[in-house]
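Structure data (compact mmCIF, C-alpha atoms) from model38.txt:
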# COMPACT_ATOMS: atom_id res chain seq x y z
CA MET Y 509 -32.06 36.51 -62.77
CA LYS Y 510 -35.06 35.39 -60.79
CA PRO Y 511 -34.61 31.67 -61.74
CA LEU Y 512 -30.97 31.71 -60.56
CA TYR Y 513 -32.00 33.20 -57.21
CA LEU Y 514 -34.67 30.52 -56.68
CA ALA Y 515 -32.30 27.74 -57.66
CA THR Y 516 -29.66 29.01 -55.20
CA LEU Y 517 -32.24 29.29 -52.43
CA GLY Y 518 -33.50 25.75 -53.07
CA LEU Y 519 -29.98 24.31 -53.16
CA THR Y 520 -29.14 26.07 -49.86
CA ALA Y 521 -32.23 24.60 -48.20
CA LEU Y 522 -31.37 21.10 -49.41
CA LEU Y 523 -27.79 21.31 -48.17
CA ALA Y 524 -28.88 22.64 -44.77
CA GLY Y 525 -31.23 19.70 -44.32
CA CYS Y 526 -28.51 17.16 -45.08
CA GLY Y 527 -26.46 18.03 -42.00
CA GLU Y 528 -29.24 17.63 -39.45
CA LYS Y 529 -29.59 14.51 -37.29
CA ALA Y 530 -32.97 13.03 -36.61
CA ALA Y 531 -34.20 13.74 -33.09
CA THR Y 532 -35.22 10.71 -31.04
CA ASN Y 533 -36.42 10.02 -27.52
CA VAL Y 534 -34.33 6.86 -27.22
CA SER Y 535 -31.47 7.16 -24.78
CA ALA Y 536 -28.43 4.90 -24.60
CA PRO Y 537 -28.75 2.25 -21.90
CA ALA Y 538 -26.96 2.92 -18.65
CA ASN Y 539 -24.04 0.70 -17.68
CA THR Y 540 -26.07 -1.42 -15.27
CA ALA Y 541 -26.55 -5.11 -14.65
CA GLU Y 542 -29.85 -4.92 -16.53
CA SER Y 543 -28.31 -3.27 -19.59
CA MET Y 544 -25.39 -5.70 -19.53
CA GLY Y 545 -27.58 -8.79 -19.69
CA ASN Y 546 -27.27 -9.45 -15.94
CA MET Y 547 -23.54 -10.11 -16.33
CA ALA Y 548 -22.44 -7.66 -13.61
CA MET Y 549 -19.76 -9.01 -11.29
CA PRO Y 550 -20.67 -9.37 -7.60
CA ALA Y 551 -18.81 -7.29 -5.01
CA ASP Y 552 -15.70 -8.92 -3.57
CA THR Y 553 -16.81 -10.35 -0.23
CA THR Y 554 -13.78 -12.60 0.22
CA ALA Y 555 -12.31 -12.02 3.68
CA LYS Y 556 -8.57 -11.55 4.01
CA THR Y 557 -6.81 -12.06 7.30
CA GLY Y 558 -3.64 -10.64 8.73
CA LYS Y 559 -1.70 -10.14 11.92
CA GLY Y 560 -0.29 -6.89 13.22
CA THR Y 561 1.27 -5.15 16.16
CA GLY Y 562 0.68 -1.67 17.42
CA THR Y 563 -0.52 0.62 20.18
CA VAL Y 564 -4.11 1.22 21.28
CA THR Y 565 -4.82 4.94 20.79
CA ALA Y 566 -8.59 4.99 21.42
CA ILE Y 567 -11.46 2.75 22.48
CA ASP Y 568 -15.09 3.60 21.71
CA LYS Y 569 -17.22 0.99 23.47
CA ALA Y 570 -20.50 2.58 22.36
CA ALA Y 571 -19.51 2.28 18.68
CA GLY Y 572 -17.68 -1.05 19.14
CA LYS Y 573 -14.43 0.40 17.74
CA ILE Y 574 -10.77 0.30 18.66
CA THR Y 575 -8.19 2.63 17.12
CA LEU Y 576 -4.73 1.18 16.61
CA ASP Y 577 -1.48 2.83 15.54
CA HIS Y 578 -0.10 -0.25 13.81
CA GLY Y 579 2.89 -1.31 11.77
CA PRO Y 580 2.67 -2.72 8.24
CA ILE Y 581 0.30 -5.65 7.66
CA PRO Y 582 1.72 -7.39 4.57
CA GLU Y 583 -1.04 -10.04 4.34
CA VAL Y 584 -3.57 -7.33 3.43
CA GLY Y 585 -1.13 -4.97 1.70
CA TRP Y 586 -1.30 -2.17 4.26
CA PRO Y 587 1.51 0.15 5.30
CA ALA Y 588 1.89 1.39 8.87
CA MET Y 589 -0.99 3.71 9.83
CA THR Y 590 -3.49 4.64 12.51
CA MET Y 591 -7.05 3.51 11.98
CA ALA Y 592 -10.22 2.36 13.74
CA PHE Y 593 -11.49 -1.21 13.56
CA LYS Y 594 -14.65 -2.97 14.71
CA ALA Y 595 -14.12 -5.18 17.75
CA SER Y 596 -16.33 -7.19 20.10
CA PRO Y 597 -17.08 -5.81 23.58
CA ALA Y 598 -14.99 -8.59 25.17
CA LEU Y 599 -11.94 -7.59 23.13
CA LEU Y 600 -12.45 -3.90 23.95
CA ASP Y 601 -12.62 -4.75 27.67
CA SER Y 602 -9.34 -6.68 27.52
CA VAL Y 603 -7.12 -3.70 26.60
CA ALA Y 604 -6.65 -0.04 27.50
CA VAL Y 605 -5.46 3.08 25.68
CA GLY Y 606 -1.67 3.03 25.56
CA ASP Y 607 -1.34 -0.79 25.59
CA LYS Y 608 1.12 -2.33 23.13
CA VAL Y 609 -0.74 -5.17 21.41
CA ALA Y 610 -0.55 -7.94 18.84
CA PHE Y 611 -3.80 -8.50 16.98
CA ASP Y 612 -5.50 -10.62 14.34
CA LEU Y 613 -7.50 -8.86 11.68
CA ALA Y 614 -10.27 -9.93 9.29
CA LEU Y 615 -10.77 -7.63 6.31
CA THR Y 616 -13.84 -7.78 4.06
CA GLY Y 617 -13.71 -5.12 1.33
CA ASN Y 618 -12.43 -2.04 3.18
CA ALA Y 619 -14.00 -2.98 6.52
CA GLY Y 620 -11.59 -4.38 9.08
CA GLU Y 621 -12.39 -6.15 12.33
CA VAL Y 622 -10.04 -7.14 15.12
CA THR Y 623 -10.81 -10.78 15.84
CA ALA Y 624 -8.18 -11.36 18.56
CA ILE Y 625 -5.95 -9.07 20.59
CA ARG Y 626 -3.13 -9.73 23.07
CA LYS Y 627 -1.19 -7.30 25.26
CA GLN Y 628 2.53 -7.23 24.59
CA PRO Y 629 5.20 -6.65 27.25
Same coordinates, now as C-alpha cells:
Amino acid sequence: MKPLYLATLGLTALLAGCGEKAATNVSAPANTAESMGNMAMPADTTAKTGKGTGTVTAIDKAAGKITLDHGPIPEVGWPAMTMAFKASPALLDSVAVGDKVAFDLALTGNAGEVTAIRKQP
C-alpha cells in the first residue's frame, strides 16, 4: 500500500502546482499620457459666450467676484441659478447688490467671467 500512498501524494502535489500563477513585479501601466503613447486629449479650453439677465445678490471686491441670481443661459446650456462669477473691478464698481442687470458671460471649462454688465430699469 505504500506505493499507492506515494503516487497519490505526488499526483496531489503536481495538481496543486498547476493552478498557481507566476508572481511578477511588473504592474500594468496606468492610464496616463505616457502609457497611451502621448495620445491624451488636451483639456477643452474653448471659450463659450452667452448673455443673461438677473439680480446682483453679492459683490466681493477683494476676491473679484459678483454673485448673480440669473435666468437660463441657453448659449452655455445653463438653467436658472444663483452663482458667483469673476469680474473686473470696473464692472464690480458699476453695480450694487439688488440691481437688476443684463450681462455678457465668457465661460472656459466651468469657470465663468462676466465681461460686460448693464443695469436694467
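The residue set within 12 Å of Ala598 (chain Y), counting all atoms listed in the file and dropping same-chain residues fewer than 4 places from it, reads Y:Lys569, Y:Gly572, Y:Lys573, Y:Ile574, Y:Lys594, Y:Ser602, Y:Val603, Y:Val622, Y:Thr623, Y:Ala624, Y:Ile625.
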Any idea what's packed within 6 Å of Thr561 (chain Y), counting all atoms listed in the file, ignoring anything in its chain fewer than 4 positions away? Could you give it as an mmCIF file with C-alpha atoms, keeping the file's coordinate frame?
data_model
loop_
_atom_site.group_PDB
_atom_site.id
_atom_site.type_symbol
_atom_site.label_atom_id
_atom_site.label_comp_id
_atom_site.auth_asym_id
_atom_site.auth_seq_id
_atom_site.Cartn_x
_atom_site.Cartn_y
_atom_site.Cartn_z
ATOM 1 C CA HIS Y 578 -0.100 -0.250 13.810
ATOM 2 C CA VAL Y 609 -0.740 -5.170 21.410
ATOM 3 C CA ALA Y 610 -0.550 -7.940 18.840
#
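Nearest-residue note for Leu599 (chain Y): choosing from Y:Arg626, Y:Asn618, Y:Lys556, Y:Ala571, the minimum distance belongs to Y:Arg626, counting all atoms listed in the file.
Reported to one decimal place, the separation of CA of Leu600 (chain Y) from CA of Ala570 (chain Y) is 10.5 Å.
For the residues Y:Leu576, Y:Glu583, Y:Phe593, Y:Val564, ranking by smallest atom-to-atom distance to Ala619 (chain Y) using only C-alpha atoms places Y:Phe593 first.
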request  = Please work out which residues fall within 10 Å of (2.5, -3.9, 10.8), coordinates as given in the file, with only C-alpha atoms counting, and return them as a ChimeraX atom specification.
outcome  = /Y:558-562,577-583,585-589,610-611
d(CA of Ala566 (chain Y), CA of Val584 (chain Y)) in Å = 22.4 Å
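One finds CA of Gly620 (chain Y) at 11.2 Å from CA of Thr575 (chain Y).
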